[in-house]
>>> print(open('input29.txt').read())   # compact mmCIF, N, CA and C atoms
# COMPACT_ATOMS: atom_id res chain seq x y z
N MET A 300 96.42 89.75 220.68
CA MET A 300 97.01 88.70 219.92
C MET A 300 97.69 89.32 218.70
N VAL A 301 98.92 88.86 218.47
CA VAL A 301 99.73 89.45 217.41
C VAL A 301 100.29 88.35 216.53
N ILE A 302 100.25 88.57 215.23
CA ILE A 302 100.91 87.68 214.28
C ILE A 302 101.86 88.54 213.45
N ILE A 303 103.13 88.12 213.45
CA ILE A 303 104.17 88.79 212.68
C ILE A 303 104.66 87.80 211.63
N GLY A 304 104.72 88.24 210.40
CA GLY A 304 105.22 87.41 209.32
C GLY A 304 106.61 87.85 208.91
N VAL A 305 107.39 86.91 208.39
CA VAL A 305 108.73 87.20 207.90
C VAL A 305 108.81 86.71 206.46
N ASN A 306 109.23 87.59 205.56
CA ASN A 306 109.31 87.20 204.15
C ASN A 306 110.68 86.59 203.83
N GLU A 307 110.89 86.25 202.56
CA GLU A 307 112.12 85.59 202.12
C GLU A 307 113.37 86.42 202.37
N ARG A 308 113.22 87.73 202.44
CA ARG A 308 114.35 88.63 202.67
C ARG A 308 114.61 88.87 204.16
N GLY A 309 113.82 88.21 205.02
CA GLY A 309 113.99 88.37 206.46
C GLY A 309 113.30 89.60 207.02
N GLU A 310 112.48 90.27 206.22
CA GLU A 310 111.77 91.47 206.67
C GLU A 310 110.53 91.05 207.45
N LYS A 311 110.34 91.68 208.60
CA LYS A 311 109.19 91.38 209.46
C LYS A 311 108.06 92.35 209.16
N HIS A 312 106.83 91.83 209.20
CA HIS A 312 105.63 92.64 208.96
C HIS A 312 104.53 92.21 209.92
N PHE A 313 103.85 93.19 210.53
CA PHE A 313 102.68 92.89 211.34
C PHE A 313 101.56 92.44 210.40
N LEU A 314 101.03 91.26 210.62
CA LEU A 314 99.94 90.75 209.81
C LEU A 314 98.60 90.91 210.52
N ALA A 315 98.62 90.81 211.85
CA ALA A 315 97.38 90.96 212.62
C ALA A 315 97.71 91.43 214.02
N ILE A 316 96.92 92.36 214.51
CA ILE A 316 96.96 92.80 215.90
C ILE A 316 95.50 92.88 216.33
N GLU A 317 95.07 91.95 217.16
CA GLU A 317 93.65 91.83 217.51
C GLU A 317 93.45 91.61 219.00
N ASP A 318 92.31 92.07 219.48
CA ASP A 318 91.88 91.69 220.83
C ASP A 318 91.36 90.27 220.78
N GLY A 319 91.47 89.56 221.87
CA GLY A 319 90.96 88.19 221.91
C GLY A 319 90.56 87.83 223.32
N VAL A 320 89.82 86.76 223.43
CA VAL A 320 89.36 86.28 224.74
C VAL A 320 90.36 85.25 225.24
N ARG A 321 91.27 85.69 226.09
CA ARG A 321 92.25 84.83 226.75
C ARG A 321 92.96 83.87 225.80
N GLU A 322 93.26 84.32 224.63
CA GLU A 322 93.97 83.53 223.63
C GLU A 322 93.29 82.18 223.37
N SER A 323 91.98 82.21 223.33
CA SER A 323 91.20 80.99 223.11
C SER A 323 91.34 80.50 221.67
N THR A 324 90.99 79.25 221.46
CA THR A 324 91.00 78.69 220.11
C THR A 324 90.09 79.49 219.19
N GLN A 325 88.92 79.86 219.68
CA GLN A 325 87.97 80.63 218.86
C GLN A 325 88.56 81.99 218.47
N SER A 326 89.19 82.67 219.40
CA SER A 326 89.79 83.98 219.09
C SER A 326 90.89 83.83 218.04
N TRP A 327 91.77 82.85 218.21
CA TRP A 327 92.84 82.63 217.23
C TRP A 327 92.26 82.19 215.89
N ARG A 328 91.22 81.36 215.91
CA ARG A 328 90.59 80.92 214.66
C ARG A 328 90.10 82.13 213.87
N GLU A 329 89.46 83.08 214.55
CA GLU A 329 88.96 84.27 213.88
C GLU A 329 90.09 85.09 213.26
N VAL A 330 91.19 85.21 213.98
CA VAL A 330 92.35 85.96 213.45
C VAL A 330 92.90 85.25 212.22
N LEU A 331 93.09 83.94 212.30
CA LEU A 331 93.64 83.19 211.18
C LEU A 331 92.70 83.15 209.98
N LEU A 332 91.42 83.01 210.24
CA LEU A 332 90.45 83.04 209.13
C LEU A 332 90.44 84.42 208.46
N GLY A 333 90.64 85.47 209.26
CA GLY A 333 90.73 86.82 208.69
C GLY A 333 91.93 86.95 207.76
N LEU A 334 93.06 86.38 208.17
CA LEU A 334 94.26 86.40 207.32
C LEU A 334 94.02 85.59 206.04
N LYS A 335 93.37 84.45 206.19
CA LYS A 335 93.09 83.61 205.03
C LYS A 335 92.16 84.34 204.05
N ALA A 336 91.16 85.04 204.59
CA ALA A 336 90.22 85.80 203.75
C ALA A 336 90.94 86.94 203.03
N ARG A 337 92.01 87.46 203.62
CA ARG A 337 92.80 88.52 202.98
C ARG A 337 93.80 87.96 201.99
N GLY A 338 93.83 86.62 201.84
CA GLY A 338 94.68 86.02 200.82
C GLY A 338 95.97 85.39 201.32
N MET A 339 96.15 85.28 202.63
CA MET A 339 97.39 84.69 203.13
C MET A 339 97.37 83.18 202.93
N ASN A 340 98.41 82.68 202.29
CA ASN A 340 98.60 81.25 202.14
C ASN A 340 99.19 80.68 203.42
N ALA A 341 99.19 79.37 203.53
CA ALA A 341 99.75 78.72 204.72
C ALA A 341 101.24 79.03 204.84
N ALA A 342 101.65 79.33 206.05
CA ALA A 342 103.07 79.54 206.32
C ALA A 342 103.76 78.18 206.38
N LYS A 343 105.05 78.17 206.12
CA LYS A 343 105.82 76.92 206.24
C LYS A 343 106.01 76.56 207.70
N LEU A 344 106.17 77.58 208.57
CA LEU A 344 106.47 77.35 209.97
C LEU A 344 105.80 78.43 210.81
N ALA A 345 105.21 78.03 211.93
CA ALA A 345 104.67 78.98 212.90
C ALA A 345 105.44 78.81 214.20
N ILE A 346 105.85 79.93 214.78
CA ILE A 346 106.58 79.92 216.04
C ILE A 346 105.75 80.68 217.05
N GLY A 347 105.52 80.08 218.20
CA GLY A 347 104.71 80.74 219.20
C GLY A 347 105.00 80.22 220.60
N ASP A 348 104.35 80.86 221.57
CA ASP A 348 104.50 80.42 222.95
C ASP A 348 103.62 79.18 223.15
N ASP A 349 103.34 78.88 224.39
CA ASP A 349 102.59 77.65 224.69
C ASP A 349 101.09 77.90 224.75
N ALA A 350 100.60 78.88 224.00
CA ALA A 350 99.16 79.17 223.97
C ALA A 350 98.46 78.08 223.16
N MET A 351 97.84 77.15 223.85
CA MET A 351 97.25 75.99 223.20
C MET A 351 96.16 76.39 222.19
N GLY A 352 95.46 77.46 222.46
CA GLY A 352 94.42 77.90 221.54
C GLY A 352 94.97 78.24 220.17
N PHE A 353 96.16 78.82 220.12
CA PHE A 353 96.77 79.16 218.84
C PHE A 353 97.06 77.91 218.03
N TRP A 354 97.67 76.92 218.66
CA TRP A 354 98.05 75.70 217.94
C TRP A 354 96.82 74.95 217.44
N ALA A 355 95.77 74.89 218.25
CA ALA A 355 94.54 74.21 217.83
C ALA A 355 93.90 74.91 216.64
N ALA A 356 93.84 76.24 216.69
CA ALA A 356 93.26 77.01 215.59
C ALA A 356 94.12 76.89 214.33
N LEU A 357 95.43 76.92 214.51
CA LEU A 357 96.33 76.79 213.36
C LEU A 357 96.11 75.45 212.65
N ASP A 358 95.96 74.38 213.43
CA ASP A 358 95.72 73.07 212.84
C ASP A 358 94.41 73.02 212.06
N GLU A 359 93.42 73.79 212.48
CA GLU A 359 92.14 73.83 211.76
C GLU A 359 92.24 74.65 210.47
N VAL A 360 92.86 75.82 210.55
CA VAL A 360 92.86 76.76 209.43
C VAL A 360 94.00 76.48 208.45
N TYR A 361 95.17 76.18 208.95
CA TYR A 361 96.35 75.91 208.12
C TYR A 361 97.00 74.60 208.59
N PRO A 362 96.38 73.46 208.34
CA PRO A 362 96.88 72.20 208.87
C PRO A 362 98.28 71.80 208.38
N GLN A 363 98.72 72.33 207.25
CA GLN A 363 100.02 71.97 206.71
C GLN A 363 101.18 72.75 207.34
N THR A 364 100.87 73.78 208.13
CA THR A 364 101.92 74.59 208.75
C THR A 364 102.56 73.84 209.91
N ARG A 365 103.89 73.81 209.92
CA ARG A 365 104.63 73.15 211.00
C ARG A 365 104.68 74.05 212.23
N HIS A 366 104.79 73.44 213.42
CA HIS A 366 104.83 74.15 214.69
C HIS A 366 106.25 74.17 215.25
N GLN A 367 106.60 75.29 215.90
CA GLN A 367 107.85 75.34 216.68
C GLN A 367 107.61 76.20 217.90
N ARG A 368 108.01 75.71 219.03
CA ARG A 368 107.88 76.46 220.28
C ARG A 368 108.94 77.55 220.32
N CYS A 369 108.56 78.74 220.74
CA CYS A 369 109.48 79.87 220.85
C CYS A 369 110.53 79.57 221.93
N TRP A 370 111.81 79.62 221.53
CA TRP A 370 112.88 79.31 222.47
C TRP A 370 112.97 80.31 223.61
N MET A 371 112.65 81.55 223.37
CA MET A 371 112.69 82.55 224.44
C MET A 371 111.69 82.20 225.54
N HIS A 372 110.45 81.86 225.12
CA HIS A 372 109.43 81.49 226.10
C HIS A 372 109.79 80.18 226.79
N LYS A 373 110.27 79.22 226.04
CA LYS A 373 110.61 77.91 226.62
C LYS A 373 111.74 78.06 227.64
N THR A 374 112.79 78.80 227.30
CA THR A 374 113.91 79.01 228.21
C THR A 374 113.46 79.75 229.47
N GLY A 375 112.61 80.75 229.29
CA GLY A 375 112.09 81.48 230.45
C GLY A 375 111.31 80.58 231.39
N ASN A 376 110.51 79.67 230.83
CA ASN A 376 109.75 78.74 231.66
C ASN A 376 110.68 77.80 232.43
N VAL A 377 111.75 77.31 231.77
CA VAL A 377 112.70 76.43 232.44
C VAL A 377 113.41 77.18 233.56
N LEU A 378 113.84 78.40 233.29
CA LEU A 378 114.54 79.18 234.32
C LEU A 378 113.62 79.53 235.48
N ASN A 379 112.35 79.76 235.21
CA ASN A 379 111.41 80.02 236.30
C ASN A 379 111.28 78.81 237.20
N LEU A 380 111.25 77.62 236.64
CA LEU A 380 111.20 76.40 237.45
C LEU A 380 112.50 76.21 238.21
N HIS A 381 113.61 76.53 237.56
CA HIS A 381 114.92 76.38 238.20
C HIS A 381 115.03 77.29 239.42
N ALA A 382 114.41 78.45 239.38
CA ALA A 382 114.47 79.39 240.50
C ALA A 382 113.82 78.81 241.75
N GLU A 383 112.95 77.82 241.60
CA GLU A 383 112.28 77.20 242.75
C GLU A 383 113.15 76.14 243.43
N VAL A 384 114.24 75.71 242.78
CA VAL A 384 115.12 74.69 243.35
C VAL A 384 116.10 75.37 244.29
N PRO A 385 116.35 74.79 245.47
CA PRO A 385 117.35 75.41 246.38
C PRO A 385 118.70 75.58 245.68
N PRO A 386 119.43 76.66 245.95
CA PRO A 386 120.68 76.97 245.23
C PRO A 386 121.67 75.83 245.16
N ALA A 387 121.89 75.09 246.24
CA ALA A 387 122.88 74.02 246.23
C ALA A 387 122.53 72.96 245.19
N GLN A 388 121.27 72.63 245.06
CA GLN A 388 120.83 71.63 244.08
C GLN A 388 120.86 72.23 242.68
N GLY A 389 120.43 73.46 242.56
CA GLY A 389 120.34 74.09 241.25
C GLY A 389 121.68 74.31 240.60
N GLU A 390 122.68 74.69 241.40
CA GLU A 390 124.01 74.93 240.84
C GLU A 390 124.63 73.68 240.27
N ALA A 391 124.35 72.55 240.88
CA ALA A 391 124.89 71.28 240.38
C ALA A 391 124.32 70.96 239.01
N GLY A 392 123.08 71.39 238.76
CA GLY A 392 122.46 71.12 237.47
C GLY A 392 123.09 71.88 236.32
N PHE A 393 123.81 72.98 236.62
CA PHE A 393 124.43 73.78 235.58
C PHE A 393 125.94 73.57 235.49
N ALA A 394 126.48 72.69 236.30
CA ALA A 394 127.94 72.46 236.33
C ALA A 394 128.38 71.63 235.14
>>> encode(input="input29.txt", output="structure tokens")
Amino acid sequence: MVIIGVNERGEKHFLAIEDGVRESTQSWREVLLGLKARGMNAAKLAIGDDAMGFWAALDEVYPQTRHQRCWMHKTGNVLNLHAEVPPAQGEAGFA
């Protein structure tokens, strides 16, 4: 599990790199509580994949932080579903 922060200047920093149990709520909670104990204030926005454990833990530890789904992961999921549609039907959807 990885958390990367971005400051006001757009600089990225690794904040946490931890092992976890299948991205569970408990594993994410421990990571977030560790960041809070180190003095991290609530972020304005969190961007992540569809790991439900992360969002549940975030709501517990930093309830004021807004959520946004990662567009790269979301687009990949849509394209994976599109690959299952027969070509003739799928091409019409992109016309």
>>> atom_distance(input="input29.txt", atom1="atom CA of Trp370 of chain A", atom2="atom N of Trp327 of chain A")
21.8 Å
>>> closest_residue(input="input29.txt", among="A:Arg368, A:Ala315, A:Gln325, A:Gly333", to="Gly347 of chain A", atoms="only N, CA and C atoms")
A:Arg368
>>> atom_distance(input="input29.txt", atom1="atom C of Glu317 of chain A", atom2="atom C of Met300 of chain A")
4.8 Å
>>> axis_aligned_box(input="input29.txt", around="segment 309-318 of chain A", padding_each_side="5 Å", output="JSON")
{"center_x": 102.7, "center_y": 90.7, "center_z": 212.9, "size_x": 32.6, "size_y": 15.0, "size_z": 25.8}
>>> residues_around(input="input29.txt", residues="Leu331 of chain A", least_positions_apart="5", cutoff="12 Å", atoms="only C-alpha atoms", output="list in words")
Met300, Val301, Ile302, Leu314, Ala315, Ile316, Glu317, Thr324, Gln325, Ser326, Ala336, Arg337, Gly338, Met339, Asn340, Ala341, Ala342, Ala345, Gly352, Phe353, Trp354, Ala355, Ala356, Leu357, Asp358, Glu359, Val360, Tyr361 and Pro362 of chain A
>>> atom_distance(input="input29.txt", atom1="atom C of Val305 of chain A", atom2="atom CA of Ile346 of chain A")
12.0 Å
>>> decode(input="input29.txt", residues="segment 350-362 of chain A", atoms="N, CA and C atoms", output="mmCIF file, in the first residue's frame")
data_model
loop_
_atom_site.group_PDB
_atom_site.id
_atom_site.type_symbol
_atom_site.label_atom_id
_atom_site.label_comp_id
_atom_site.auth_asym_id
_atom_site.auth_seq_id
_atom_site.Cartn_x
_atom_site.Cartn_y
_atom_site.Cartn_z
ATOM 1 N N ALA A 350 -10.359 0.535 -4.289
ATOM 2 C CA ALA A 350 -10.111 -0.266 -3.080
ATOM 3 C C ALA A 350 -11.018 0.251 -1.965
ATOM 4 N N MET A 351 -12.098 -0.463 -1.717
ATOM 5 C CA MET A 351 -13.102 -0.001 -0.767
ATOM 6 C C MET A 351 -12.527 0.166 0.644
ATOM 7 N N GLY A 352 -11.564 -0.637 1.002
ATOM 8 C CA GLY A 352 -10.961 -0.524 2.325
ATOM 9 C C GLY A 352 -10.313 0.825 2.547
ATOM 10 N N PHE A 353 -9.698 1.377 1.513
ATOM 11 C CA PHE A 353 -9.070 2.695 1.632
ATOM 12 C C PHE A 353 -10.106 3.767 1.924
ATOM 13 N N TRP A 354 -11.188 3.773 1.167
ATOM 14 C CA TRP A 354 -12.205 4.810 1.341
ATOM 15 C C TRP A 354 -12.869 4.717 2.706
ATOM 16 N N ALA A 355 -13.133 3.508 3.178
ATOM 17 C CA ALA A 355 -13.748 3.336 4.500
ATOM 18 C C ALA A 355 -12.818 3.832 5.600
ATOM 19 N N ALA A 356 -11.534 3.491 5.508
ATOM 20 C CA ALA A 356 -10.563 3.934 6.507
ATOM 21 C C ALA A 356 -10.376 5.449 6.443
ATOM 22 N N LEU A 357 -10.348 5.994 5.248
ATOM 23 C CA LEU A 357 -10.196 7.441 5.091
ATOM 24 C C LEU A 357 -11.351 8.182 5.770
ATOM 25 N N ASP A 358 -12.565 7.673 5.587
ATOM 26 C CA ASP A 358 -13.729 8.299 6.224
ATOM 27 C C ASP A 358 -13.639 8.261 7.744
ATOM 28 N N GLU A 359 -13.015 7.235 8.292
ATOM 29 C CA GLU A 359 -12.856 7.133 9.746
ATOM 30 C C GLU A 359 -11.770 8.081 10.268
ATOM 31 N N VAL A 360 -10.631 8.106 9.592
ATOM 32 C CA VAL A 360 -9.465 8.837 10.096
ATOM 33 C C VAL A 360 -9.483 10.308 9.673
ATOM 34 N N TYR A 361 -9.854 10.576 8.440
ATOM 35 C CA TYR A 361 -9.894 11.943 7.902
ATOM 36 C C TYR A 361 -11.253 12.169 7.223
ATOM 37 N N PRO A 362 -12.334 12.275 7.987
ATOM 38 C CA PRO A 362 -13.668 12.359 7.394
ATOM 39 C C PRO A 362 -13.898 13.586 6.510
#
